[in-house]
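Asker: You'll find target.csv just under this line, and it carries CSV, N, CA and C atoms.
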chain,number,residue,atom,x,y,z
Q,1,LYS,N,-16.6,-1.6,-4.9
Q,1,LYS,CA,-17.7,-1.0,-5.6
Q,1,LYS,C,-17.7,-1.5,-7.1
Q,2,ASP,N,-17.1,-2.6,-7.4
Q,2,ASP,CA,-17.1,-3.1,-8.7
Q,2,ASP,C,-16.5,-2.2,-9.8
Q,3,ARG,N,-15.4,-1.5,-9.4
Q,3,ARG,CA,-14.8,-0.5,-10.3
Q,3,ARG,C,-13.3,-1.0,-10.5
Q,4,VAL,N,-12.8,-0.6,-11.7
Q,4,VAL,CA,-11.4,-0.9,-12.0
Q,4,VAL,C,-10.7,0.4,-12.0
Q,5,LEU,N,-9.6,0.5,-11.3
Q,5,LEU,CA,-8.7,1.7,-11.3
Q,5,LEU,C,-7.6,1.5,-12.2
Q,6,ARG,N,-7.4,2.3,-13.2
Q,6,ARG,CA,-6.4,2.2,-14.2
Q,6,ARG,C,-5.3,3.3,-14.0
Q,7,PHE,N,-4.1,3.0,-14.0
Q,7,PHE,CA,-3.0,3.9,-13.9
Q,7,PHE,C,-2.5,4.2,-15.3
Q,8,ASN,N,-2.5,5.4,-15.7
Q,8,ASN,CA,-2.1,5.8,-17.0
Q,8,ASN,C,-0.6,6.1,-17.1
Q,9,LYS,N,0.0,6.4,-16.0
Q,9,LYS,CA,1.4,6.8,-16.0
Q,9,LYS,C,2.2,5.9,-15.1
Q,10,MET,N,3.3,5.4,-15.6
Q,10,MET,CA,4.2,4.5,-14.8
Q,10,MET,C,5.5,5.3,-14.6
Q,11,PRO,N,6.2,5.0,-13.5
Q,11,PRO,CA,5.7,4.1,-12.4
Q,11,PRO,C,4.7,4.8,-11.5
Q,12,VAL,N,3.9,4.0,-10.8
Q,12,VAL,CA,2.9,4.5,-9.9
Q,12,VAL,C,3.7,4.8,-8.6
Q,13,LYS,N,3.6,6.1,-8.2
Q,13,LYS,CA,4.3,6.5,-6.9
Q,13,LYS,C,3.5,6.0,-5.7
Q,14,VAL,N,4.3,5.4,-4.8
Q,14,VAL,CA,3.8,4.7,-3.6
Q,14,VAL,C,4.4,5.3,-2.4
Q,15,TYR,N,3.6,5.7,-1.4
Q,15,TYR,CA,4.2,6.1,-0.1
Q,15,TYR,C,3.7,5.1,0.9
Q,16,ILE,N,4.7,4.5,1.7
Q,16,ILE,CA,4.4,3.6,2.7
Q,16,ILE,C,4.6,4.2,4.1
Q,17,THR,N,3.6,4.4,4.8
Q,17,THR,CA,3.7,5.1,6.1
Q,17,THR,C,4.6,4.2,7.0
Q,18,PRO,N,5.6,4.9,7.7
Q,18,PRO,CA,6.5,4.1,8.5
Q,18,PRO,C,5.8,3.4,9.6
Q,19,TYR,N,6.3,2.2,9.9
Q,19,TYR,CA,5.7,1.4,11.0
Q,19,TYR,C,6.9,0.9,11.8
Q,20,PRO,N,6.8,0.9,13.2
Q,20,PRO,CA,7.9,0.5,14.0
Q,20,PRO,C,8.4,-0.9,13.8
Q,21,GLU,N,7.6,-1.8,13.4
Q,21,GLU,CA,8.0,-3.2,13.1
Q,21,GLU,C,8.5,-3.3,11.7
Q,22,PRO,N,9.8,-3.5,11.5
Q,22,PRO,CA,10.3,-3.5,10.1
Q,22,PRO,C,9.7,-4.6,9.2
Q,23,GLY,N,9.3,-5.7,9.8
Q,23,GLY,CA,8.8,-6.8,9.0
Q,23,GLY,C,7.5,-6.4,8.2
Q,24,PHE,N,6.7,-5.5,8.8
Q,24,PHE,CA,5.5,-5.1,8.1
Q,24,PHE,C,5.8,-4.3,6.8
Q,25,THR,N,6.7,-3.4,6.9
Q,25,THR,CA,7.1,-2.6,5.8
Q,25,THR,C,7.8,-3.4,4.7
Q,26,GLU,N,8.7,-4.3,5.1
Q,26,GLU,CA,9.4,-5.2,4.2
Q,26,GLU,C,8.4,-6.1,3.4
Q,27,THR,N,7.4,-6.6,4.1
Q,27,THR,CA,6.4,-7.5,3.5
Q,27,THR,C,5.6,-6.7,2.5
Q,28,CYS,N,5.3,-5.4,2.8
Q,28,CYS,CA,4.5,-4.6,1.9
Q,28,CYS,C,5.3,-4.3,0.7
Q,29,ILE,N,6.6,-4.0,0.8
Q,29,ILE,CA,7.5,-3.7,-0.3
Q,29,ILE,C,7.5,-5.0,-1.2
Q,30,LYS,N,7.7,-6.1,-0.6
Q,30,LYS,CA,7.7,-7.4,-1.3
Q,30,LYS,C,6.4,-7.6,-2.1
Q,31,GLY,N,5.3,-7.2,-1.6
Q,31,GLY,CA,4.0,-7.3,-2.3
Q,31,GLY,C,4.0,-6.5,-3.5
Q,32,PHE,N,4.5,-5.2,-3.5
Q,32,PHE,CA,4.6,-4.4,-4.6
Q,32,PHE,C,5.5,-5.0,-5.7
Q,33,ASP,N,6.7,-5.5,-5.2
Q,33,ASP,CA,7.7,-6.1,-6.1
Q,33,ASP,C,7.1,-7.3,-6.8
Q,34,ASP,N,6.3,-8.1,-6.1
Q,34,ASP,CA,5.7,-9.3,-6.7
Q,34,ASP,C,4.7,-8.9,-7.7
Q,35,TRP,N,3.9,-7.8,-7.4
Q,35,TRP,CA,2.9,-7.3,-8.4
Q,35,TRP,C,3.6,-6.9,-9.7
Q,36,GLU,N,4.7,-6.2,-9.5
Q,36,GLU,CA,5.4,-5.8,-10.7
Q,36,GLU,C,5.9,-7.0,-11.5
Q,37,ASN,N,6.5,-7.9,-10.9
Q,37,ASN,CA,7.0,-9.1,-11.5
Q,37,ASN,C,5.9,-10.0,-12.2
Q,38,ARG,N,4.8,-10.1,-11.5
Q,38,ARG,CA,3.8,-11.0,-12.1
Q,38,ARG,C,3.0,-10.3,-13.2
Q,39,SER,N,3.1,-8.9,-13.3
Q,39,SER,CA,2.4,-8.2,-14.4
Q,39,SER,C,3.3,-8.2,-15.7
Q,40,SER,N,4.4,-8.8,-15.6
Q,40,SER,CA,5.3,-8.8,-16.8
Q,40,SER,C,5.6,-7.4,-17.3
Q,41,GLY,N,5.8,-6.5,-16.4
Q,41,GLY,CA,6.2,-5.2,-16.8
Q,41,GLY,C,5.0,-4.2,-17.1
Q,42,LEU,N,3.8,-4.7,-17.0
Q,42,LEU,CA,2.7,-3.8,-17.2
Q,42,LEU,C,2.5,-2.7,-16.2
Q,43,ILE,N,3.0,-3.0,-15.0
Q,43,ILE,CA,2.9,-2.0,-13.9
Q,43,ILE,C,4.2,-1.9,-13.2
Q,44,ALA,N,4.5,-0.7,-12.8
Q,44,ALA,CA,5.8,-0.5,-12.0
Q,44,ALA,C,5.5,0.5,-10.9
Q,45,PHE,N,6.2,0.3,-9.8
Q,45,PHE,CA,6.0,1.2,-8.6
Q,45,PHE,C,7.3,1.9,-8.3
Q,46,LEU,N,7.1,3.1,-7.7
Q,46,LEU,CA,8.3,3.8,-7.2
Q,46,LEU,C,7.9,4.3,-5.8
Q,47,ARG,N,8.7,4.0,-4.8
Q,47,ARG,CA,8.5,4.4,-3.5
Q,47,ARG,C,9.0,5.9,-3.4
Q,48,VAL,N,8.1,6.7,-2.8
Q,48,VAL,CA,8.5,8.1,-2.5
Q,48,VAL,C,8.4,8.4,-1.1
Q,49,ASP,N,9.2,9.5,-0.6
Q,49,ASP,CA,9.2,9.8,0.8
Q,49,ASP,C,8.2,10.8,1.2
Q,50,ASN,N,7.5,11.4,0.2
Q,50,ASN,CA,6.5,12.5,0.5
Q,50,ASN,C,5.1,11.9,0.1
Q,51,PRO,N,4.2,11.8,1.1
Q,51,PRO,CA,2.9,11.2,0.9
Q,51,PRO,C,2.1,12.1,-0.2
Q,52,GLU,N,2.4,13.4,-0.3
Q,52,GLU,CA,1.7,14.2,-1.2
Q,52,GLU,C,2.0,13.9,-2.6
Q,53,GLU,N,3.2,13.3,-2.9
Q,53,GLU,CA,3.6,12.9,-4.3
Q,53,GLU,C,3.0,11.6,-4.7
Q,54,ALA,N,2.5,10.8,-3.7
Q,54,ALA,CA,2.0,9.4,-4.0
Q,54,ALA,C,0.7,9.3,-4.6
Q,55,ARG,N,0.5,8.3,-5.5
Q,55,ARG,CA,-0.8,8.0,-6.1
Q,55,ARG,C,-1.4,6.9,-5.2
Q,56,VAL,N,-0.6,6.1,-4.5
Q,56,VAL,CA,-1.0,5.1,-3.6
Q,56,VAL,C,-0.4,5.3,-2.3
Q,57,ARG,N,-1.2,5.3,-1.2
Q,57,ARG,CA,-0.6,5.5,0.2
Q,57,ARG,C,-1.0,4.3,1.0
Q,58,VAL,N,0.0,3.7,1.6
Q,58,VAL,CA,-0.2,2.5,2.5
Q,58,VAL,C,-0.2,3.1,3.9
Q,59,VAL,N,-1.3,2.8,4.6
Q,59,VAL,CA,-1.4,3.2,6.0
Q,59,VAL,C,-1.7,2.0,6.9
Q,60,TRP,N,-1.3,2.0,8.1
Q,60,TRP,CA,-1.5,0.9,9.0
Q,60,TRP,C,-2.6,1.3,10.0
Q,61,LYS,N,-3.6,0.4,10.2
Q,61,LYS,CA,-4.7,0.7,11.1
Q,61,LYS,C,-4.9,-0.6,11.9
Q,62,ARG,N,-5.3,-0.4,13.2
Q,62,ARG,CA,-5.6,-1.5,14.1
Q,62,ARG,C,-7.1,-1.9,13.8
Q,63,LEU,N,-7.2,-3.2,13.8
Q,63,LEU,CA,-8.5,-3.8,13.6
Q,63,LEU,C,-8.9,-4.5,14.9
Q,64,GLY,N,-10.2,-4.7,15.1
Q,64,GLY,CA,-10.7,-5.4,16.3
Q,64,GLY,C,-11.3,-4.4,17.2
Q,65,ASN,N,-11.7,-4.9,18.4
Q,65,ASN,CA,-12.3,-4.0,19.4
Q,65,ASN,C,-11.3,-3.1,20.1
Q,66,LYS,N,-11.7,-1.8,20.2
Q,66,LYS,CA,-10.8,-0.9,20.8
Q,66,LYS,C,-10.7,-1.3,22.3
Q,67,GLY,N,-9.4,-1.3,22.8
Q,67,GLY,CA,-9.2,-1.6,24.2
Q,67,GLY,C,-9.2,-3.1,24.5
Q,68,ALA,N,-9.6,-4.0,23.6
Q,68,ALA,CA,-9.7,-5.4,23.9
Q,68,ALA,C,-8.3,-5.9,24.1
Q,69,ALA,N,-8.1,-6.9,24.9
Q,69,ALA,CA,-6.8,-7.5,25.2
Q,69,ALA,C,-6.2,-8.2,24.0
Q,70,ASP,N,-7.1,-8.7,23.1
Q,70,ASP,CA,-6.7,-9.5,22.0
Q,70,ASP,C,-6.7,-8.7,20.7
Q,71,ASN,N,-6.6,-7.4,20.8
Q,71,ASN,CA,-6.6,-6.5,19.6
Q,71,ASN,C,-5.4,-6.8,18.8
Q,72,CYS,N,-5.6,-6.9,17.5
Q,72,CYS,CA,-4.5,-7.3,16.6
Q,72,CYS,C,-4.5,-6.5,15.3
Q,73,LEU,N,-3.5,-6.7,14.5
Q,73,LEU,CA,-3.3,-6.0,13.3
Q,73,LEU,C,-3.6,-6.9,12.1
Q,74,LEU,N,-4.3,-8.0,12.2
Q,74,LEU,CA,-4.6,-8.9,11.1
Q,74,LEU,C,-5.7,-8.3,10.2
Q,75,GLY,N,-5.6,-8.6,8.9
Q,75,GLY,CA,-6.6,-8.2,8.0
Q,75,GLY,C,-6.1,-7.3,6.9
Q,76,ALA,N,-7.0,-7.0,6.0
Q,76,ALA,CA,-6.5,-6.1,4.9
Q,76,ALA,C,-7.7,-5.2,4.4
Q,77,GLN,N,-7.4,-4.1,3.9
Q,77,GLN,CA,-8.4,-3.2,3.5
Q,77,GLN,C,-7.9,-2.4,2.3
Q,78,THR,N,-8.7,-2.2,1.3
Q,78,THR,CA,-8.3,-1.4,0.1
Q,78,THR,C,-9.3,-0.2,0.0
Q,79,ILE,N,-8.7,1.0,0.0
Q,79,ILE,CA,-9.6,2.2,-0.2
Q,79,ILE,C,-9.0,2.9,-1.4
Q,80,THR,N,-9.8,3.3,-2.4
Q,80,THR,CA,-9.3,4.1,-3.5
Q,80,THR,C,-10.1,5.3,-3.6
Q,81,ARG,N,-9.5,6.4,-3.9
Q,81,ARG,CA,-10.2,7.7,-4.1
Q,81,ARG,C,-9.7,8.4,-5.3
Mind turning the file's structure into structure tokens?

Answerer:
Amino acid sequence: KDRVLRFNKMPVKVYITPYPEPGFTETCIKGFDDWENRSSGLIAFLRVDNPEEARVRVVWKRLGNKGAADNCLLGAQTITR
């Protein structure tokens, strides 16, 4: 929607919904780490165990046709509220 979301308080608390495949979570964590590193300290993230404490929540959703044999988890979506 052509909006910019600004975080006024650091670190930004992040909750990552558990996923049975460890590689998904590890890759997500690496993405946040890379974002921190590339911002040269302008943004910092802190993982929290309680989703109610988080400013950002990562959730996993299936994409594709429901019930289709080739249903997959590929893709990306960003939702801000």

Asker: Please report the interatomic distance between CA of Asn37 (chain Q) and atom C of Pro20 (chain Q) in Å with one decimal.

Answerer: 26.6 Å

Asker: Compile the contact shell of region 4-18 of chain Q as a compact mmCIF listing (two decimals) with N, CA and C atoms, in the coordinates of the input: residues with an atom at most 5 Å away, counting all atoms listed in the file, same-chain residues fewer than 5 positions apart removed.

Answerer:
# COMPACT_ATOMS: atom_id res chain seq x y z
N ALA Q 44 4.50 -0.70 -12.80
CA ALA Q 44 5.80 -0.50 -12.00
C ALA Q 44 5.50 0.50 -10.90
N PHE Q 45 6.20 0.30 -9.80
CA PHE Q 45 6.00 1.20 -8.60
C PHE Q 45 7.30 1.90 -8.30
N LEU Q 46 7.10 3.10 -7.70
CA LEU Q 46 8.30 3.80 -7.20
C LEU Q 46 7.90 4.30 -5.80
N ARG Q 47 8.70 4.00 -4.80
CA ARG Q 47 8.50 4.40 -3.50
C ARG Q 47 9.00 5.90 -3.40
N VAL Q 48 8.10 6.70 -2.80
CA VAL Q 48 8.50 8.10 -2.50
C VAL Q 48 8.40 8.40 -1.10
N ALA Q 54 2.50 10.80 -3.70
CA ALA Q 54 2.00 9.40 -4.00
C ALA Q 54 0.70 9.30 -4.60
N ARG Q 55 0.50 8.30 -5.50
CA ARG Q 55 -0.80 8.00 -6.10
C ARG Q 55 -1.40 6.90 -5.20
N VAL Q 56 -0.60 6.10 -4.50
CA VAL Q 56 -1.00 5.10 -3.60
C VAL Q 56 -0.40 5.30 -2.30
N ARG Q 57 -1.20 5.30 -1.20
CA ARG Q 57 -0.60 5.50 0.20
C ARG Q 57 -1.00 4.30 1.00
N VAL Q 58 0.00 3.70 1.60
CA VAL Q 58 -0.20 2.50 2.50
C VAL Q 58 -0.20 3.10 3.90

Asker: For a test of reading the model, state the distance in Å between atom N of Tyr19 (chain Q) and CA of Val59 (chain Q), rounded to one decimal.

Answerer: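 Between atom N of Tyr19 (chain Q) and CA of Val59 (chain Q) the gap works out to 8.7 Å.
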
Asker: In Å, with one decimal, what is the gap from CA of Cys28 (chain Q) to atom N of Gly41 (chain Q)?

Answerer: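 Interatomic distance here is 18.4 Å.
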
Asker: Write out as number ranges by chain all residues of region 11-49 of chain Q that DSSP puts in strand (DSSP E or B) for this structure's backbone.

Answerer: Q: 12-16, 45-47
